[in-house]
$ cat final.txt   # compact mmCIF, C-alpha atoms
# COMPACT_ATOMS: atom_id res chain seq x y z
CA MET A 18 -22.38 37.19 -3.59
CA PRO A 19 -22.40 37.25 -7.39
CA PRO A 20 -23.78 34.12 -9.05
CA GLN A 21 -20.47 33.36 -10.75
CA ALA A 22 -18.70 33.17 -7.38
CA GLN A 23 -21.48 31.01 -5.95
CA GLN A 24 -21.20 28.70 -8.96
CA PHE A 25 -17.43 28.52 -8.50
CA LEU A 26 -17.85 27.61 -4.84
CA ASP A 27 -20.37 24.93 -5.75
CA THR A 28 -17.87 23.50 -8.24
CA LEU A 29 -15.24 23.38 -5.52
CA ASN A 30 -17.59 21.58 -3.14
CA THR A 31 -18.72 18.84 -5.49
CA THR A 32 -17.69 15.30 -4.67
CA LEU A 33 -14.85 13.99 -6.76
CA PRO A 34 -15.24 11.17 -9.26
CA LEU A 35 -13.47 7.90 -8.56
CA GLU A 36 -11.15 8.41 -11.53
CA GLY A 37 -9.21 11.17 -9.75
CA TYR A 38 -7.95 8.89 -7.00
CA LEU A 39 -7.27 6.05 -9.43
CA VAL A 40 -5.21 8.26 -11.74
CA VAL A 41 -3.17 9.63 -8.83
CA GLY A 42 -2.52 6.05 -7.72
CA ALA A 43 -1.48 5.03 -11.24
CA ILE A 44 0.92 7.97 -11.63
CA MET A 45 2.44 7.34 -8.22
CA PHE A 46 2.91 3.66 -9.05
CA ALA A 47 4.66 4.65 -12.30
CA ILE A 48 6.98 7.07 -10.47
CA GLY A 49 7.85 4.36 -7.95
CA ALA A 50 8.54 1.87 -10.74
CA TRP A 51 10.76 4.40 -12.50
CA GLY A 52 12.78 4.99 -9.35
CA ALA A 53 13.13 1.27 -8.65
CA LEU A 54 14.44 0.80 -12.19
CA ILE A 55 16.92 3.66 -12.39
CA ARG A 56 18.39 4.25 -8.93
CA ARG A 57 21.66 2.62 -7.91
CA ASN A 58 21.31 2.91 -4.14
CA ALA A 59 19.58 -0.11 -2.59
CA VAL A 60 17.97 1.97 0.18
CA VAL A 61 16.39 4.30 -2.38
CA VAL A 62 15.12 1.27 -4.31
CA PHE A 63 13.37 0.23 -1.08
CA MET A 64 11.79 3.68 -0.77
CA CYS A 65 10.49 3.44 -4.34
CA ILE A 66 8.98 0.01 -3.62
CA GLU A 67 7.24 1.58 -0.62
CA LEU A 68 5.85 4.27 -2.93
CA MET A 69 4.44 1.59 -5.23
CA LEU A 70 2.81 -0.23 -2.30
CA ASN A 71 1.26 3.04 -1.11
CA ALA A 72 -0.16 3.72 -4.57
CA VAL A 73 -1.82 0.31 -4.55
CA ASN A 74 -3.18 1.04 -1.05
CA LEU A 75 -4.69 4.29 -2.31
CA THR A 76 -6.40 2.46 -5.17
CA LEU A 77 -7.76 -0.22 -2.82
CA VAL A 78 -9.17 2.32 -0.37
CA ALA A 79 -10.69 4.40 -3.19
CA PHE A 80 -12.50 1.32 -4.53
CA ALA A 81 -13.61 0.37 -1.01
CA ASP A 82 -15.12 3.83 -0.48
CA TYR A 83 -16.79 4.25 -3.87
CA LEU A 84 -18.08 0.82 -4.87
CA PRO A 85 -21.33 0.01 -3.06
CA GLY A 86 -20.84 -3.76 -3.28
CA ALA A 87 -17.36 -3.72 -1.80
CA GLY A 88 -18.52 -3.35 1.79
CA GLY A 89 -15.35 -1.49 2.73
CA VAL A 90 -13.30 -4.68 2.54
CA GLY A 91 -10.52 -2.90 0.61
CA VAL A 92 -9.56 -1.07 3.80
CA GLY A 93 -8.95 -4.43 5.46
CA TYR A 94 -6.72 -5.48 2.58
CA ALA A 95 -4.89 -2.15 2.86
CA VAL A 96 -4.11 -2.93 6.52
CA LEU A 97 -2.68 -6.29 5.44
CA VAL A 98 -0.58 -4.58 2.75
CA ILE A 99 0.79 -2.13 5.34
CA ALA A 100 1.79 -5.05 7.60
CA VAL A 101 3.52 -6.89 4.76
CA ALA A 102 5.32 -3.69 3.72
CA ALA A 103 6.59 -3.16 7.27
CA ALA A 104 7.92 -6.74 7.36
CA GLU A 105 9.52 -6.22 3.95
CA VAL A 106 11.30 -3.05 5.11
CA ALA A 107 12.67 -4.78 8.23
CA VAL A 108 14.02 -7.81 6.37
CA GLY A 109 15.18 -5.77 3.36
CA LEU A 110 17.19 -3.33 5.42
CA ALA A 111 18.72 -6.24 7.35
CA VAL A 112 19.81 -7.71 4.01
CA VAL A 113 21.24 -4.34 2.96
CA LEU A 114 23.18 -4.12 6.24
CA ALA A 115 24.54 -7.65 5.81
CA VAL A 116 25.61 -6.91 2.22
CA TYR A 117 27.23 -3.66 3.32
CA ARG A 118 29.17 -5.45 6.03
CA THR A 119 30.69 -7.92 3.57
CA ARG A 120 31.02 -5.82 0.38
CA LYS A 121 31.33 -2.24 1.75
CA THR A 122 28.79 -1.00 -0.79
CA VAL A 123 25.03 -0.74 -1.22
CA ASN A 124 25.19 -0.11 -4.96
CA VAL A 125 22.90 -2.67 -6.53
CA ASP A 126 25.02 -2.73 -9.71
CA GLU A 127 28.10 -3.88 -7.80
CA VAL A 128 26.46 -6.56 -5.68
CA ASN A 129 26.90 -9.64 -7.86
CA LEU A 130 27.53 -12.38 -5.30
CA MET A 131 25.23 -14.81 -7.09
CA LYS A 132 26.54 -14.15 -10.59
CA GLY A 133 27.79 -17.38 -12.16
CA MET B 1 -13.06 18.69 -1.71
CA VAL B 2 -11.48 19.79 -4.96
CA VAL B 3 -9.02 22.11 -3.22
CA ALA B 4 -8.00 19.40 -0.76
CA PHE B 5 -7.67 16.87 -3.57
CA VAL B 6 -5.47 19.13 -5.71
CA PHE B 7 -3.30 20.01 -2.71
CA LEU B 8 -2.86 16.39 -1.62
CA ALA B 9 -2.29 15.11 -5.15
CA SER B 10 0.41 17.69 -5.88
CA MET B 11 2.04 17.03 -2.48
CA THR B 12 2.04 13.29 -3.05
CA LEU B 13 3.28 13.32 -6.64
CA ILE B 14 5.91 16.05 -6.21
CA SER B 15 7.27 14.27 -3.14
CA ALA B 16 7.33 10.99 -5.06
CA LEU B 17 9.33 12.64 -7.84
CA GLY B 18 11.61 14.08 -5.16
CA VAL B 19 12.32 10.57 -3.85
CA VAL B 20 13.44 9.45 -7.29
CA LEU B 21 15.37 12.54 -8.33
CA SER B 22 16.93 14.04 -5.19
CA ARG B 23 20.68 13.61 -5.07
CA SER B 24 20.98 13.16 -1.30
CA VAL B 25 19.66 9.94 0.20
CA VAL B 26 18.47 11.68 3.37
CA HIS B 27 16.41 14.08 1.23
CA SER B 28 14.91 11.07 -0.51
CA ALA B 29 13.80 9.65 2.85
CA LEU B 30 12.25 12.95 3.93
CA PHE B 31 10.45 13.32 0.58
CA MET B 32 9.15 9.80 1.08
CA SER B 33 7.58 10.74 4.42
CA GLY B 34 5.94 13.75 2.73
CA SER B 35 4.46 11.47 0.10
CA PHE B 36 3.14 9.15 2.81
CA LEU B 37 1.52 12.11 4.57
CA GLY B 38 -0.28 13.01 1.35
CA ILE B 39 -1.57 9.44 1.08
CA ALA B 40 -2.78 9.68 4.70
CA GLY B 41 -4.74 12.80 3.73
CA PHE B 42 -6.30 10.87 0.85
CA PHE B 43 -7.35 8.18 3.32
CA VAL B 44 -9.12 10.81 5.42
CA MET B 45 -10.92 12.08 2.30
CA LEU B 46 -11.90 8.50 1.46
CA ASN B 47 -13.73 7.90 4.78
CA ALA B 48 -10.98 5.75 6.29
CA PRO B 49 -9.60 7.88 9.16
CA VAL B 50 -8.44 4.80 11.07
CA LEU B 51 -6.27 3.78 8.14
CA ALA B 52 -4.92 7.33 7.96
CA ALA B 53 -3.87 7.01 11.60
CA PHE B 54 -2.19 3.67 10.80
CA GLN B 55 -0.46 5.30 7.85
CA VAL B 56 0.94 8.16 9.93
CA LEU B 57 2.01 5.86 12.75
CA ILE B 58 3.56 3.07 10.68
CA TYR B 59 4.83 4.77 7.54
CA VAL B 60 5.59 8.35 8.56
CA GLY B 61 6.78 7.19 11.96
CA ALA B 62 8.27 3.74 11.89
CA VAL B 63 9.27 3.00 8.28
CA THR B 64 10.89 6.41 7.76
CA VAL B 65 12.90 6.04 10.97
CA VAL B 66 14.00 2.51 10.04
CA ILE B 67 15.09 3.69 6.60
CA LEU B 68 16.96 6.62 8.14
CA PHE B 69 18.75 4.10 10.38
CA GLY B 70 19.66 2.10 7.30
CA ILE B 71 21.03 5.25 5.66
CA MET B 72 22.97 6.10 8.81
CA PHE B 73 24.62 2.67 8.89
CA THR B 74 25.46 2.33 5.23
CA GLN B 75 26.50 5.66 3.73
CA LYS B 76 27.91 9.09 4.20
CA PRO B 77 25.29 11.84 3.96
CA GLN B 78 26.64 13.67 0.95
CA VAL B 79 25.21 15.03 -2.26
CA ARG B 80 26.22 13.04 -5.32
CA GLY B 81 25.96 13.83 -9.01
CA PHE B 82 23.21 12.42 -11.19
CA GLY B 83 25.73 10.25 -13.01
CA THR B 84 26.53 8.51 -9.72
CA ILE B 85 23.06 7.89 -8.39
CA ILE B 86 21.33 6.82 -11.60
CA ASN B 87 22.33 3.86 -13.74
CA GLN B 88 22.31 3.66 -17.51
CA GLN B 89 18.63 2.76 -17.75
CA ILE B 90 17.27 6.27 -17.11
CA TRP B 91 15.62 6.80 -20.51
CA PRO B 92 14.41 3.21 -21.10
CA GLY B 93 13.20 3.25 -17.48
CA LEU B 94 11.36 6.50 -18.08
CA TYR B 95 9.65 5.14 -21.19
CA ILE B 96 8.62 1.98 -19.37
CA ALA B 97 7.34 3.99 -16.39
CA ILE B 98 5.33 6.31 -18.66
CA GLY B 99 3.98 3.27 -20.47
CA VAL B 100 2.97 1.59 -17.20
CA GLY B 101 1.37 4.76 -15.87
CA ALA B 102 -0.52 5.49 -19.08
CA PHE B 103 -1.70 1.88 -19.37
CA LEU B 104 -2.91 1.80 -15.74
CA ALA B 105 -4.63 5.18 -16.03
CA TYR B 106 -6.30 4.11 -19.29
CA VAL B 107 -7.50 0.79 -17.87
CA LEU B 108 -8.83 2.47 -14.70
CA THR B 109 -10.64 5.31 -16.50
CA ILE B 110 -12.07 3.40 -19.48
CA GLU B 111 -14.68 1.92 -17.14
CA ASP B 112 -17.81 3.97 -16.50
CA TRP B 113 -17.65 4.92 -12.83
CA THR B 114 -20.50 7.47 -12.91
CA ALA B 115 -22.83 5.20 -10.93
CA THR B 116 -20.48 5.05 -7.94
CA GLU B 117 -20.85 7.27 -4.90
CA PRO B 118 -18.44 7.92 -2.05
CA GLY B 119 -19.34 7.10 1.52
CA ASN B 120 -19.29 3.28 1.58
CA GLY B 121 -16.06 3.00 3.52
CA PRO B 122 -15.83 1.72 7.11
CA ARG B 123 -15.78 5.04 8.88
CA GLU B 124 -15.93 3.70 12.44
CA VAL B 125 -13.06 1.76 13.92
CA GLY B 126 -15.46 -0.95 15.05
CA VAL B 127 -16.54 -1.66 11.47
CA LEU B 128 -12.91 -1.92 10.37
CA GLY B 129 -12.24 -4.28 13.29
CA GLU B 130 -15.15 -6.50 12.21
CA ILE B 131 -13.75 -6.57 8.67
CA LEU B 132 -10.29 -7.51 9.91
CA LEU B 133 -11.74 -10.33 12.04
CA GLY B 134 -14.04 -11.55 9.27
CA VAL B 135 -17.28 -11.30 11.23
CA ASN B 136 -20.62 -9.58 10.56
CA GLY B 137 -20.72 -10.10 6.81
CA ALA B 138 -17.06 -9.55 6.05
CA PRO B 139 -15.33 -12.28 4.02
CA PRO B 140 -14.34 -15.08 6.42
CA ILE B 141 -10.94 -15.38 4.73
CA PHE B 142 -9.89 -12.41 6.86
CA GLN B 143 -9.87 -14.68 9.92
CA LEU B 144 -7.04 -16.63 8.28
CA LEU B 145 -5.27 -13.57 6.85
CA PHE B 146 -5.24 -11.81 10.22
CA GLU B 147 -3.49 -14.74 11.90
CA VAL B 148 -1.09 -15.23 8.98
CA ILE B 149 -0.09 -11.58 9.02
CA SER B 150 0.66 -11.64 12.73
CA VAL B 151 2.86 -14.74 12.34
CA LEU B 152 4.53 -13.06 9.34
CA LEU B 153 5.41 -10.00 11.42
CA LEU B 154 6.96 -12.21 14.12
CA VAL B 155 8.95 -14.17 11.53
CA ALA B 156 10.13 -10.96 9.86
CA MET B 157 11.30 -9.56 13.19
CA VAL B 158 13.30 -12.71 13.98
CA ALA B 159 14.66 -12.84 10.43
CA ALA B 160 15.81 -9.22 10.57
CA ILE B 161 17.74 -9.96 13.78
CA VAL B 162 19.25 -13.16 12.39
CA ILE B 163 20.31 -11.66 9.05
CA SER B 164 21.83 -8.46 10.38
CA ARG B 165 23.61 -9.67 13.51
CA ARG B 166 27.35 -10.14 13.58
CA LYS B 167 28.87 -13.59 13.51
CA VAL B 168 30.76 -14.74 16.62
CA GLY B 169 34.25 -13.27 16.70
CA GLU B 170 33.48 -10.72 13.99
CA GLY B 171 33.63 -7.04 14.85
CA VAL B 172 35.01 -5.42 17.96
CA ASP B 173 32.22 -4.87 20.44
CA ARG B 174 31.65 -8.52 21.32
CA GLN B 175 34.93 -8.97 23.12
CA GLY B 176 34.47 -10.34 26.61
CA VAL B 177 30.90 -11.44 25.94
CA GLU B 178 30.15 -14.99 26.97
CA GLU B 179 28.63 -17.02 24.14

$ encode --input "final.txt" --output "structure tokens"
Amino acid sequence: MPPQAQQFLDTLNTTLPLEGYLVVGAIMFAIGAWGALIRRNAVVVFMCIELMLNAVNLTLVAFADYLPGAGGVGVGYAVLVIAVAAAEVAVGLAVVLAVYRTRKTVNVDEVNLMKG
Amino acid sequence: MVVAFVFLASMTLISALGVVLSRSVVHSALFMSGSFLGIAGFFVMLNAPVLAAFQVLIYVGAVTVVILFGIMFTQKPQVRGFGTIINQQIWPGLYIAIGVGAFLAYVLTIEDWTATEPGNGPREVGVLGEILLGVNGAPPIFQLLFEVISVLLLVAMVAAIVISRRKVGEGVDRQGVEE
């Protein structure tokens, strides 16, 4: 095997720095925030909030794996975040169903029941 | 490692963009499950295979199915134009999202992380269980959080039933049912 190829393989096998995971988490959080701001459909807004929660989970788990003083506690917090997100989806979709039953729409721009 | 990272990062981010920009709601839901699968792969790379299993079971399985049920109940599966699905804030929203992403990435990378090494995560399920129960050196606050989260799940389940059920006399399929 030529030394260039061996060097390339070694580059591919190196461990990644922590910044890679953190930047992916930050970009994913930004995409989720963008979707939650611009979409009209309430169900899609829920999906974008789920994306943001997953980005935060990724950041927590990356810190838990890389920081020696963390003791892996971030994974425990990630489990708690997953549970809260599941509860949020259940209640949120129930609210969407109730709104749809009364207003016949899930467009968040048209739902203005509490507007004074 | 690098190949897996590039593959998972592109899968996650492209699927996330697909959630925001796809014109069919069902496609958005399927893109969302793809993004969750990418995150599960990241969890495997980060020495948390138990959490990856949770992610696949809860997010790719349960949350996607619940959201597909919500789509099924509330809208017709049809492709709409971009003018219909996106409100007037697309460009201000994009600037704010780019600002948030750039700020977060800057704050997270300005720190010097060269001294950190991977491999500190709780690889065994027993270690994760000890963390969740707050024993063997884990923060004891987890004892409280674990109980609170289980009560929260019960309350959320009851709340979902209460919010979404029909009132008495409303709808058609409650006729003949004794109250």

$ residues_near_point --input "final.txt" --point "(14.8, 2.2, 5.1)" --cutoff "9 Å" --atoms "all atoms listed in the file" --output "ChimeraX atom specification"
/A:60-61,63-64,106-107,109-110 /B:29,63-71

$ residues_around --input "final.txt" --residues "Thr76 in chain A" --least-positions-apart "4" --cutoff "7 Å" --atoms "all atoms listed in the file" --output "PyMOL selection string"
chain A and resi 38-39+42+72+80

$ atom_distance --input "final.txt" --atom1 "CA of Ala138 in chain B" --atom2 "CA of Gly88 in chain A"
7.7 Å

$ atom_distance --input "final.txt" --atom1 "CA of Ala43 in chain A" --atom2 "CA of Gly101 in chain B"
5.4 Å

$ residues_around --input "final.txt" --residues "Val73 in chain A" --least-positions-apart "5" --cutoff "10 Å" --atoms "all atoms listed in the file" --output "count of residues only"
11

$ residues_around --input "final.txt" --residues "Thr109 in chain B" --least-positions-apart "6" --cutoff "9 Å" --atoms "all atoms listed in the file" --output "PDB file with C-alpha atoms, in the coordinates of the input"
ATOM      1  CA  LEU A  35     -13.470   7.900  -8.560  1.00  0.00           C
ATOM      2  CA  GLU A  36     -11.150   8.410 -11.530  1.00  0.00           C
ATOM      3  CA  LEU A  39      -7.270   6.050  -9.430  1.00  0.00           C
ATOM      4  CA  VAL A  40      -5.210   8.260 -11.740  1.00  0.00           C
TER       5      VAL A  40
END

$ closest_residue --input "final.txt" --among "B:Gly119, B:Gly99, B:Gly126, B:Pro140" --to "Gly86 in chain A" --atoms "all atoms listed in the file"
B:Gly119

$ interface_residues --input "final.txt" --of "chain A" --to "chain B" --cutoff "6 Å" --atoms "all atoms listed in the file" --output "PyMOL selection string"
chain A and resi 29-30+36+40+43-44+47+51-52+54-57+81-84+89+93+104+107-108+111+115

$ atom_distance --input "final.txt" --atom1 "CA of Phe7 in chain B" --atom2 "CA of Gly41 in chain B"
9.8 Å

$ residues_around --input "final.txt" --residues "Leu130 in chain A" --least-positions-apart "2" --cutoff "12 Å" --atoms "all atoms listed in the file" --output "list in words"
Val116, Thr119, Arg120, Val125, Asp126, Glu127, Val128, Lys132 and Gly133 of chain A

$ closest_residue --input "final.txt" --among "A:Asn74, A:Thr32, A:Asn58, A:Gln21" --to "Val96 in chain A" --atoms "only C-alpha atoms"
A:Asn74

$ closest_residue --input "final.txt" --among "A:Leu70, A:Val113, A:Val101, A:Val123" --to "Gly49 in chain A" --atoms "only C-alpha atoms"
A:Leu70

$ residues_around --input "final.txt" --residues "Gly81 in chain B" --least-positions-apart "5" --cutoff "10 Å" --atoms "only C-alpha atoms" --output "number ranges by chain"
B: 22-24, 86
